[in-house]
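Trainee: I am sharing run06.cif, which consists of mmCIF, C-alpha atoms:
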```
data_coords
#
loop_
_atom_site.group_PDB
_atom_site.id
_atom_site.type_symbol
_atom_site.label_atom_id
_atom_site.label_comp_id
_atom_site.auth_asym_id
_atom_site.auth_seq_id
_atom_site.Cartn_x
_atom_site.Cartn_y
_atom_site.Cartn_z
ATOM 1 C CA MET O 1 22.739 24.227 -53.567
ATOM 2 C CA LYS O 2 25.093 22.607 -50.999
ATOM 3 C CA LYS O 3 24.036 25.266 -48.514
ATOM 4 C CA TRP O 4 20.339 24.290 -48.927
ATOM 5 C CA ILE O 5 21.081 20.570 -48.497
ATOM 6 C CA TYR O 6 23.056 21.395 -45.345
ATOM 7 C CA LEU O 7 20.199 23.503 -43.949
ATOM 8 C CA ILE O 8 17.544 20.826 -44.697
ATOM 9 C CA GLY O 9 19.799 18.206 -43.103
ATOM 10 C CA LEU O 10 20.183 20.352 -40.021
ATOM 11 C CA MET O 11 16.387 20.814 -39.757
ATOM 12 C CA LEU O 12 15.768 17.053 -40.085
ATOM 13 C CA PHE O 13 18.343 16.414 -37.344
ATOM 14 C CA PHE O 14 16.506 18.722 -34.914
ATOM 15 C CA VAL O 15 13.059 17.281 -35.759
ATOM 16 C CA ALA O 16 14.348 13.733 -35.168
ATOM 17 C CA ASN O 17 15.889 14.650 -31.831
ATOM 18 C CA THR O 18 12.802 16.489 -30.641
ATOM 19 C CA ASN O 19 10.748 13.337 -31.275
ATOM 20 C CA ALA O 20 13.371 11.209 -29.539
ATOM 21 C CA ALA O 21 13.094 13.338 -26.441
ATOM 22 C CA LYS O 22 9.365 12.605 -26.278
ATOM 23 C CA SER O 23 9.843 8.856 -26.067
ATOM 24 C CA ASP O 24 12.000 6.705 -23.885
ATOM 25 C CA PHE O 25 14.384 3.982 -24.868
ATOM 26 C CA PHE O 26 11.695 1.297 -24.929
ATOM 27 C CA GLY O 27 9.065 3.132 -26.917
ATOM 28 C CA GLU O 28 6.224 5.469 -26.161
ATOM 29 C CA ARG O 29 6.662 7.349 -22.951
ATOM 30 C CA ASP O 30 3.734 6.801 -20.602
ATOM 31 C CA VAL O 31 5.271 8.421 -17.574
ATOM 32 C CA VAL O 32 3.988 11.873 -16.870
ATOM 33 C CA ALA O 33 4.764 14.077 -13.978
ATOM 34 C CA ALA O 34 2.010 14.368 -11.383
ATOM 35 C CA LYS O 35 -0.181 17.398 -11.722
ATOM 36 C CA GLY O 36 1.071 20.549 -10.073
ATOM 37 C CA GLY O 37 0.326 20.680 -6.363
ATOM 38 C CA GLY O 38 2.523 17.759 -5.416
ATOM 39 C CA ASN O 39 0.172 14.791 -5.858
ATOM 40 C CA ALA O 40 1.909 11.444 -5.920
ATOM 41 C CA PHE O 41 1.178 7.772 -6.527
ATOM 42 C CA ARG O 42 1.669 4.456 -4.867
ATOM 43 C CA TYR O 43 1.146 1.125 -6.566
ATOM 44 C CA MET O 44 -0.293 -1.242 -4.007
ATOM 45 C CA SER O 45 -2.520 -4.087 -2.911
ATOM 46 C CA GLN O 46 -6.045 -3.902 -1.531
ATOM 47 C CA ALA O 47 -4.632 -4.766 1.898
ATOM 48 C CA GLU O 48 -2.599 -1.561 1.894
ATOM 49 C CA LEU O 49 -5.495 0.575 0.680
ATOM 50 C CA LYS O 50 -7.460 -0.875 3.600
ATOM 51 C CA ALA O 51 -4.625 0.105 5.970
ATOM 52 C CA ILE O 52 -4.643 3.667 4.591
ATOM 53 C CA GLN O 53 -8.405 3.887 5.037
ATOM 54 C CA GLU O 54 -7.998 2.775 8.639
ATOM 55 C CA THR O 55 -5.168 5.120 9.557
ATOM 56 C CA GLY O 56 -4.863 7.936 7.004
ATOM 57 C CA TYR O 57 -1.168 7.068 6.525
ATOM 58 C CA LEU O 58 0.671 5.332 3.685
ATOM 59 C CA ARG O 59 1.518 1.727 4.634
ATOM 60 C CA GLY O 60 -0.952 2.083 7.505
ATOM 61 C CA GLY O 61 1.665 4.035 9.420
ATOM 62 C CA LEU O 62 4.125 1.138 9.685
ATOM 63 C CA SER O 63 7.618 2.152 10.736
ATOM 64 C CA GLY O 64 10.449 1.929 8.216
ATOM 65 C CA GLU O 65 10.947 3.173 4.689
ATOM 66 C CA THR O 66 7.967 4.420 2.712
ATOM 67 C CA TYR O 67 8.333 4.804 -1.045
ATOM 68 C CA PHE O 68 6.167 6.633 -3.538
ATOM 69 C CA THR O 69 6.491 8.079 -7.002
ATOM 70 C CA LYS O 70 5.205 10.883 -9.173
ATOM 71 C CA ASP O 71 5.162 8.590 -12.208
ATOM 72 C CA LEU O 72 1.771 7.608 -13.572
ATOM 73 C CA TYR O 73 1.773 4.117 -15.065
ATOM 74 C CA LYS O 74 -1.280 2.841 -16.861
ATOM 75 C CA SER O 75 -0.645 -0.866 -16.346
ATOM 76 C CA ALA O 76 0.464 -3.052 -13.459
ATOM 77 C CA ALA O 77 3.183 -4.570 -15.659
ATOM 78 C CA LYS O 78 4.668 -1.155 -16.481
ATOM 79 C CA ALA O 79 4.575 -0.039 -12.833
ATOM 80 C CA GLN O 80 6.186 -3.301 -11.723
ATOM 81 C CA SER O 81 8.868 -3.008 -14.382
ATOM 82 C CA ARG O 82 9.814 0.659 -13.913
ATOM 83 C CA LEU O 83 9.656 0.622 -10.112
ATOM 84 C CA SER O 84 11.347 -2.815 -9.852
ATOM 85 C CA LEU O 85 8.491 -4.150 -7.759
ATOM 86 C CA GLY O 86 8.699 -7.705 -6.448
ATOM 87 C CA SER O 87 4.976 -8.316 -6.877
ATOM 88 C CA SER O 88 2.417 -7.040 -9.337
ATOM 89 C CA PRO O 89 0.340 -4.182 -7.888
ATOM 90 C CA ALA O 90 -3.457 -4.412 -7.864
ATOM 91 C CA LEU O 91 -4.122 -0.674 -7.641
ATOM 92 C CA ARG O 92 -2.765 2.740 -8.535
ATOM 93 C CA VAL O 93 -3.572 5.166 -5.723
ATOM 94 C CA GLU O 94 -3.156 8.907 -6.128
ATOM 95 C CA PHE O 95 -2.811 10.983 -3.000
ATOM 96 C CA GLU O 96 -1.875 14.360 -1.602
ATOM 97 C CA ILE O 97 0.672 14.472 1.215
ATOM 98 C CA LEU O 98 -0.699 16.387 4.208
ATOM 99 C CA ASN O 99 2.408 16.520 6.418
ATOM 100 C CA ASN O 100 6.045 17.322 5.673
ATOM 101 C CA PRO O 101 8.036 14.079 5.710
ATOM 102 C CA THR O 102 11.787 14.425 5.221
ATOM 103 C CA LEU O 103 12.655 12.903 1.873
ATOM 104 C CA LEU O 104 15.755 10.715 1.897
ATOM 105 C CA ARG O 105 15.246 9.998 -1.809
ATOM 106 C CA ASN O 106 13.841 12.764 -3.919
ATOM 107 C CA GLY O 107 13.065 11.619 -7.436
ATOM 108 C CA THR O 108 15.926 9.118 -7.431
ATOM 109 C CA LYS O 109 16.163 6.795 -10.437
ATOM 110 C CA VAL O 110 14.959 3.268 -9.598
ATOM 111 C CA LEU O 111 17.666 0.668 -10.114
ATOM 112 C CA PRO O 112 17.031 -2.726 -11.718
ATOM 113 C CA ALA O 113 15.921 -5.339 -9.168
ATOM 114 C CA ASN O 114 13.591 -8.350 -8.901
ATOM 115 C CA GLY O 115 14.245 -9.069 -12.572
ATOM 116 C CA MET O 116 12.800 -5.667 -13.528
ATOM 117 C CA ILE O 117 14.507 -2.882 -15.471
ATOM 118 C CA GLY O 118 13.753 0.026 -13.148
ATOM 119 C CA ARG O 119 14.323 3.539 -14.586
ATOM 120 C CA GLY O 120 11.301 5.082 -12.848
ATOM 121 C CA ALA O 121 11.694 7.813 -10.231
ATOM 122 C CA GLU O 122 11.110 7.236 -6.544
ATOM 123 C CA PHE O 123 10.803 9.217 -3.351
ATOM 124 C CA MET O 124 11.497 7.730 0.055
ATOM 125 C CA THR O 125 11.097 8.774 3.659
ATOM 126 C CA THR O 126 11.303 7.094 7.040
ATOM 127 C CA ASP O 127 8.718 9.514 8.463
ATOM 128 C CA LEU O 128 5.032 8.719 8.551
ATOM 129 C CA VAL O 129 3.279 9.989 5.433
ATOM 130 C CA LYS O 130 -0.175 11.388 6.149
ATOM 131 C CA VAL O 131 -2.279 11.499 3.016
ATOM 132 C CA ARG O 132 -5.568 12.545 1.529
ATOM 133 C CA LEU O 133 -6.724 9.962 -0.985
ATOM 134 C CA ILE O 134 -7.541 11.518 -4.344
ATOM 135 C CA ASN O 135 -8.396 8.479 -6.412
ATOM 136 C CA TRP O 136 -7.704 4.793 -6.765
ATOM 137 C CA GLN O 137 -7.672 2.787 -9.932
ATOM 138 C CA PRO O 138 -7.682 -1.016 -10.072
ATOM 139 C CA PHE O 139 -5.490 -2.571 -12.759
ATOM 140 C CA ARG O 140 -7.183 -5.137 -14.984
ATOM 141 C CA MET I 1 -0.469 -28.672 17.136
ATOM 142 C CA ASN I 2 1.096 -25.921 19.201
ATOM 143 C CA LEU I 3 0.074 -22.485 18.046
ATOM 144 C CA LYS I 4 2.018 -19.542 19.400
ATOM 145 C CA GLN I 5 0.484 -16.091 19.618
ATOM 146 C CA ILE I 6 2.618 -13.771 17.497
ATOM 147 C CA TYR I 7 0.287 -10.777 17.411
ATOM 148 C CA ASN I 8 -2.264 -9.316 19.770
ATOM 149 C CA LEU I 9 -3.922 -6.003 18.959
ATOM 150 C CA LYS I 10 -4.136 -5.210 22.695
ATOM 151 C CA ASN I 11 -0.330 -4.890 22.727
ATOM 152 C CA ASP I 12 -0.165 -2.826 19.528
ATOM 153 C CA SER I 13 -0.429 0.650 21.014
ATOM 154 C CA ARG I 14 0.906 2.245 17.809
ATOM 155 C CA ARG I 15 -1.921 0.842 15.693
ATOM 156 C CA ILE I 16 -4.573 1.558 18.304
ATOM 157 C CA LYS I 17 -3.440 5.180 18.685
ATOM 158 C CA ILE I 18 -3.214 5.905 14.968
ATOM 159 C CA ILE I 19 -6.668 4.431 14.204
ATOM 160 C CA GLN I 20 -8.267 6.100 17.222
ATOM 161 C CA GLU I 21 -6.917 9.495 16.132
ATOM 162 C CA ALA I 22 -8.245 8.982 12.609
ATOM 163 C CA SER I 23 -11.616 7.743 13.876
ATOM 164 C CA LEU I 24 -12.050 10.751 16.159
ATOM 165 C CA ASP I 25 -10.991 13.314 13.528
ATOM 166 C CA LYS I 26 -14.228 14.521 11.956
ATOM 167 C CA ASN I 27 -12.315 16.133 9.088
ATOM 168 C CA SER I 28 -10.545 12.916 8.134
ATOM 169 C CA TYR I 29 -11.859 10.266 5.747
ATOM 170 C CA ALA I 30 -9.799 7.679 7.644
ATOM 171 C CA GLY I 31 -10.693 5.545 10.636
ATOM 172 C CA TYR I 32 -13.618 3.459 11.766
ATOM 173 C CA LYS I 33 -17.168 4.462 12.568
ATOM 174 C CA THR I 34 -17.756 4.612 16.304
ATOM 175 C CA GLU I 35 -20.842 2.487 16.915
ATOM 176 C CA ASN I 36 -22.788 2.124 20.169
ATOM 177 C CA GLY I 37 -20.345 4.555 21.751
ATOM 178 C CA LEU I 38 -17.511 2.049 21.368
ATOM 179 C CA LEU I 39 -14.310 3.650 20.131
ATOM 180 C CA PHE I 40 -11.889 1.225 18.463
ATOM 181 C CA GLY I 41 -9.154 -0.061 20.766
ATOM 182 C CA THR I 42 -10.567 1.219 24.056
ATOM 183 C CA LYS I 43 -11.020 -1.006 27.122
ATOM 184 C CA GLU I 44 -14.784 -0.894 26.506
ATOM 185 C CA TRP I 45 -14.273 -1.991 22.880
ATOM 186 C CA PHE I 46 -12.147 -4.983 23.923
ATOM 187 C CA ASN I 47 -14.715 -5.842 26.637
ATOM 188 C CA ALA I 48 -17.439 -5.813 23.967
ATOM 189 C CA ILE I 49 -15.409 -8.360 21.994
ATOM 190 C CA GLU I 50 -14.914 -10.568 25.054
ATOM 191 C CA LYS I 51 -18.645 -10.442 25.837
ATOM 192 C CA GLY I 52 -19.551 -11.340 22.258
ATOM 193 C CA MET I 53 -21.237 -7.989 21.539
ATOM 194 C CA ILE I 54 -18.735 -7.587 18.706
ATOM 195 C CA PRO I 55 -18.528 -11.039 17.098
ATOM 196 C CA ILE I 56 -15.155 -12.526 16.284
ATOM 197 C CA HIS I 57 -14.344 -14.496 13.143
ATOM 198 C CA THR I 58 -11.583 -17.082 12.826
ATOM 199 C CA ILE I 59 -9.661 -18.250 9.785
ATOM 200 C CA LYS I 60 -7.684 -21.455 10.158
ATOM 201 C CA GLY I 61 -5.362 -22.551 7.400
ATOM 202 C CA ILE I 62 -1.844 -22.705 6.036
ATOM 203 C CA ILE I 63 0.430 -19.792 5.121
ATOM 204 C CA SER I 64 0.729 -20.169 1.357
ATOM 205 C CA ARG I 65 2.768 -17.070 0.494
ATOM 206 C CA VAL I 66 4.919 -14.511 2.325
ATOM 207 C CA TYR I 67 5.873 -11.457 0.303
ATOM 208 C CA MET I 68 6.337 -7.705 0.084
ATOM 209 C CA SER I 69 3.761 -5.684 -1.829
ATOM 210 C CA GLY I 70 3.563 -1.950 -2.529
ATOM 211 C CA HIS I 71 6.971 -0.534 -3.421
ATOM 212 C CA ASN I 72 8.667 -3.593 -1.880
ATOM 213 C CA ASP I 73 7.888 -2.012 1.479
ATOM 214 C CA TYR I 74 4.549 -3.465 2.606
ATOM 215 C CA PRO I 75 4.638 -6.869 4.352
ATOM 216 C CA GLU I 76 1.847 -9.268 3.431
ATOM 217 C CA PHE I 77 1.044 -12.933 3.540
ATOM 218 C CA GLU I 78 -1.562 -15.271 2.109
ATOM 219 C CA ILE I 79 -3.628 -17.884 3.936
ATOM 220 C CA GLU I 80 -5.049 -20.889 2.189
ATOM 221 C CA SER I 81 -8.088 -22.180 4.075
ATOM 222 C CA ASN I 82 -11.356 -23.983 3.367
ATOM 223 C CA GLU I 83 -12.827 -20.672 2.258
ATOM 224 C CA GLY I 84 -10.069 -20.114 -0.308
ATOM 225 C CA LYS I 85 -7.092 -17.761 -0.376
ATOM 226 C CA THR I 86 -7.056 -14.473 1.518
ATOM 227 C CA THR I 87 -4.292 -11.891 1.912
ATOM 228 C CA TRP I 88 -3.383 -10.001 5.060
ATOM 229 C CA THR I 89 -0.837 -7.556 6.421
ATOM 230 C CA ARG I 90 1.925 -9.209 8.438
ATOM 231 C CA GLU I 91 1.601 -8.061 12.041
ATOM 232 C CA GLY I 92 3.680 -8.979 15.083
ATOM 233 C CA ILE I 93 6.760 -11.212 14.883
ATOM 234 C CA ASP I 94 7.773 -11.105 11.219
ATOM 235 C CA ALA I 95 10.109 -14.101 11.358
ATOM 236 C CA ALA I 96 7.216 -16.348 12.407
ATOM 237 C CA TYR I 97 5.579 -16.123 8.985
ATOM 238 C CA LYS I 98 6.786 -19.156 7.043
ATOM 239 C CA VAL I 99 5.210 -20.788 4.022
ATOM 240 C CA GLY I 100 3.579 -24.076 5.039
ATOM 241 C CA SER I 101 3.014 -23.133 8.682
ATOM 242 C CA SER I 102 -0.425 -23.573 10.224
ATOM 243 C CA ILE I 103 -2.060 -20.317 11.195
ATOM 244 C CA GLU I 104 -5.096 -19.101 13.080
ATOM 245 C CA LEU I 105 -6.182 -15.507 12.481
ATOM 246 C CA ILE I 106 -8.922 -13.851 14.508
ATOM 247 C CA TYR I 107 -10.632 -10.685 13.333
ATOM 248 C CA VAL I 108 -13.665 -8.519 13.994
ATOM 249 C CA GLU I 109 -15.636 -6.549 11.481
ATOM 250 C CA GLN I 110 -15.542 -2.775 11.707
ATOM 251 C CA LYS I 111 -17.238 -0.224 9.478
ATOM 252 C CA TYR I 112 -15.014 2.285 7.680
ATOM 253 C CA LYS I 113 -15.894 5.906 8.229
ATOM 254 C CA ARG I 114 -15.838 6.388 4.454
ATOM 255 C CA PRO I 115 -15.988 3.198 2.389
ATOM 256 C CA THR I 116 -14.449 2.869 -1.064
ATOM 257 C CA ASP I 117 -15.809 0.805 -3.930
ATOM 258 C CA ILE I 118 -12.696 -1.366 -3.778
ATOM 259 C CA THR I 119 -12.460 -2.194 -0.093
ATOM 260 C CA GLY I 120 -16.207 -2.097 0.625
ATOM 261 C CA ALA I 121 -17.882 -0.836 3.783
ATOM 262 C CA ILE I 122 -16.500 -3.386 6.235
ATOM 263 C CA SER I 123 -12.921 -3.865 7.374
ATOM 264 C CA LYS I 124 -11.699 -7.183 8.689
ATOM 265 C CA CYS I 125 -9.753 -5.894 11.656
ATOM 266 C CA VAL I 126 -7.172 -8.397 12.904
ATOM 267 C CA ILE I 127 -7.061 -8.772 16.681
ATOM 268 C CA GLU I 128 -4.940 -11.900 17.105
ATOM 269 C CA ILE I 129 -2.646 -14.136 15.051
ATOM 270 C CA LYS I 130 -1.303 -17.536 16.130
ATOM 271 C CA ILE I 131 1.206 -19.546 14.104
ATOM 272 C CA ALA I 132 2.488 -23.112 14.609
ATOM 273 C CA GLU I 133 5.923 -23.208 16.220
#
```
Would you write out, as structure tokens, the structure that this file holds?
Mentor:
Amino acid sequence: MKKWIYLIGLMLFFVANTNAAKSDFFGERDVVAAKGGGNAFRYMSQAELKAIQETGYLRGGLSGETYFTKDLYKSAAKAQSRLSLGSSPALRVEFEILNNPTLLRNGTKVLPANGMIGRGAEFMTTDLVKVRLINWQPFR
Amino acid sequence: MNLKQIYNLKNDSRRIKIIQEASLDKNSYAGYKTENGLLFGTKEWFNAIEKGMIPIHTIKGIISRVYMSGHNDYPEFEIESNEGKTTWTREGIDAAYKVGSSIELIYVEQKYKRPTDITGAISKCVIEIKIAE
């Protein structure tokens, strides 16, 4: 009898931990890796989307650090929180990178900043990032 | 009021080059449509602006917000004018953008090669920015 109770207990332990792995600390996990093929996302304003349309480069080809993520967030608040953004993004833009920028951050965990918790993953390069726009989604 | 020029597209060879390349690349979605044989940023294009063939538009107002958008890596600012609030990319001397300063922004309209439903068919292309000293 004790053996059966032990075995059932062990099974319940594994079921509970499997479910825990599917969610993050704050609840349901809404971060999913970008589809295979290396697509990525940036959370941005209309002004930046305009700059990409003009140039074909993230941030309109401005010099300096360019960040992006492979995390898909379904709300501006979630994106702002997990990526520690200073301002609320208007759009989620998915893109494919056409060149080979050197990544100085490669899936690095975002630290808390701007009163946000961070915990998302970010990529960063100082090279220009040439992109093909795949889709763009305004946040409500 | 003394307004100082802090950005002039004519001096921004990086931006001119990058948009020209995109505009000329037939395989790229990016860039502007070349209309009447006038390629963005060429001498002929600037002459067309000076002669009034490409009309200029001016926004006069006050800088109401200076901030970073995107992933804290895209410099923007907001102008409050008679027409309401509009947001723009910070170009030129970054330190000149201060909340409360008077600003004059001059732009021309250019057609995107491939419009999106969000940005529309026309881009307001900044050619000059002046800010009170």
Trainee: For this file, the PyMOL selection byres ((chain O and resi 64-68) around 7) selects which residues, as a count of residues only?
Mentor: 13
Trainee: Would you kindly report the residues of chain O within 8 Å of chain I, using all atoms listed in the file, as an MDAnalysis selection string?
Mentor: chainID O and resid 42:50 52:56 59 61 65:68 83 85:89 132
Trainee: Taking the file as I've supplied it (selection: the PyMOL selection byres ((chain I and resi 94-106) around 12)), which residues are included? Please answer as a PyMOL selection string.
Mentor: chain I and resi 1-9+49+55-68+74-81+86-93+107-109+124-133
Trainee: Apply the PyMOL selection byres ((chain O and resi 94) around 8) to the file shown and report the selected residues as JSON, numbers by chain.
Mentor: {"O": [39, 40, 41, 42, 92, 93, 95, 96, 133, 134, 135, 136]}
Trainee: Got a sec: who's within 12 Å of Ile117 of chain O, counting all atoms listed in the file, leaving out chain neighbours fewer than 2 positions off, as an mmCIF file with C-alpha atoms, in the frame of the given file?
Mentor:
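Dumped to out-v3.cif:
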```
data_model
loop_
_atom_site.group_PDB
_atom_site.id
_atom_site.type_symbol
_atom_site.label_atom_id
_atom_site.label_comp_id
_atom_site.auth_asym_id
_atom_site.auth_seq_id
_atom_site.Cartn_x
_atom_site.Cartn_y
_atom_site.Cartn_z
ATOM 1 C CA PHE O 25 14.384 3.982 -24.868
ATOM 2 C CA PHE O 26 11.695 1.297 -24.929
ATOM 3 C CA ALA O 77 3.183 -4.570 -15.659
ATOM 4 C CA LYS O 78 4.668 -1.155 -16.481
ATOM 5 C CA ALA O 79 4.575 -0.039 -12.833
ATOM 6 C CA GLN O 80 6.186 -3.301 -11.723
ATOM 7 C CA SER O 81 8.868 -3.008 -14.382
ATOM 8 C CA ARG O 82 9.814 0.659 -13.913
ATOM 9 C CA LEU O 83 9.656 0.622 -10.112
ATOM 10 C CA SER O 84 11.347 -2.815 -9.852
ATOM 11 C CA LEU O 85 8.491 -4.150 -7.759
ATOM 12 C CA GLY O 86 8.699 -7.705 -6.448
ATOM 13 C CA LYS O 109 16.163 6.795 -10.437
ATOM 14 C CA VAL O 110 14.959 3.268 -9.598
ATOM 15 C CA LEU O 111 17.666 0.668 -10.114
ATOM 16 C CA PRO O 112 17.031 -2.726 -11.718
ATOM 17 C CA ALA O 113 15.921 -5.339 -9.168
ATOM 18 C CA ASN O 114 13.591 -8.350 -8.901
ATOM 19 C CA GLY O 115 14.245 -9.069 -12.572
ATOM 20 C CA ARG O 119 14.323 3.539 -14.586
ATOM 21 C CA GLY O 120 11.301 5.082 -12.848
#
```
Trainee: In Å, with one decimal, what is the gap from atom CA of Lys85 of chain I to atom CA of Met53 of chain I?
Mentor: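 Between atom CA of Lys85 of chain I and atom CA of Met53 of chain I the gap is 27.9 Å.
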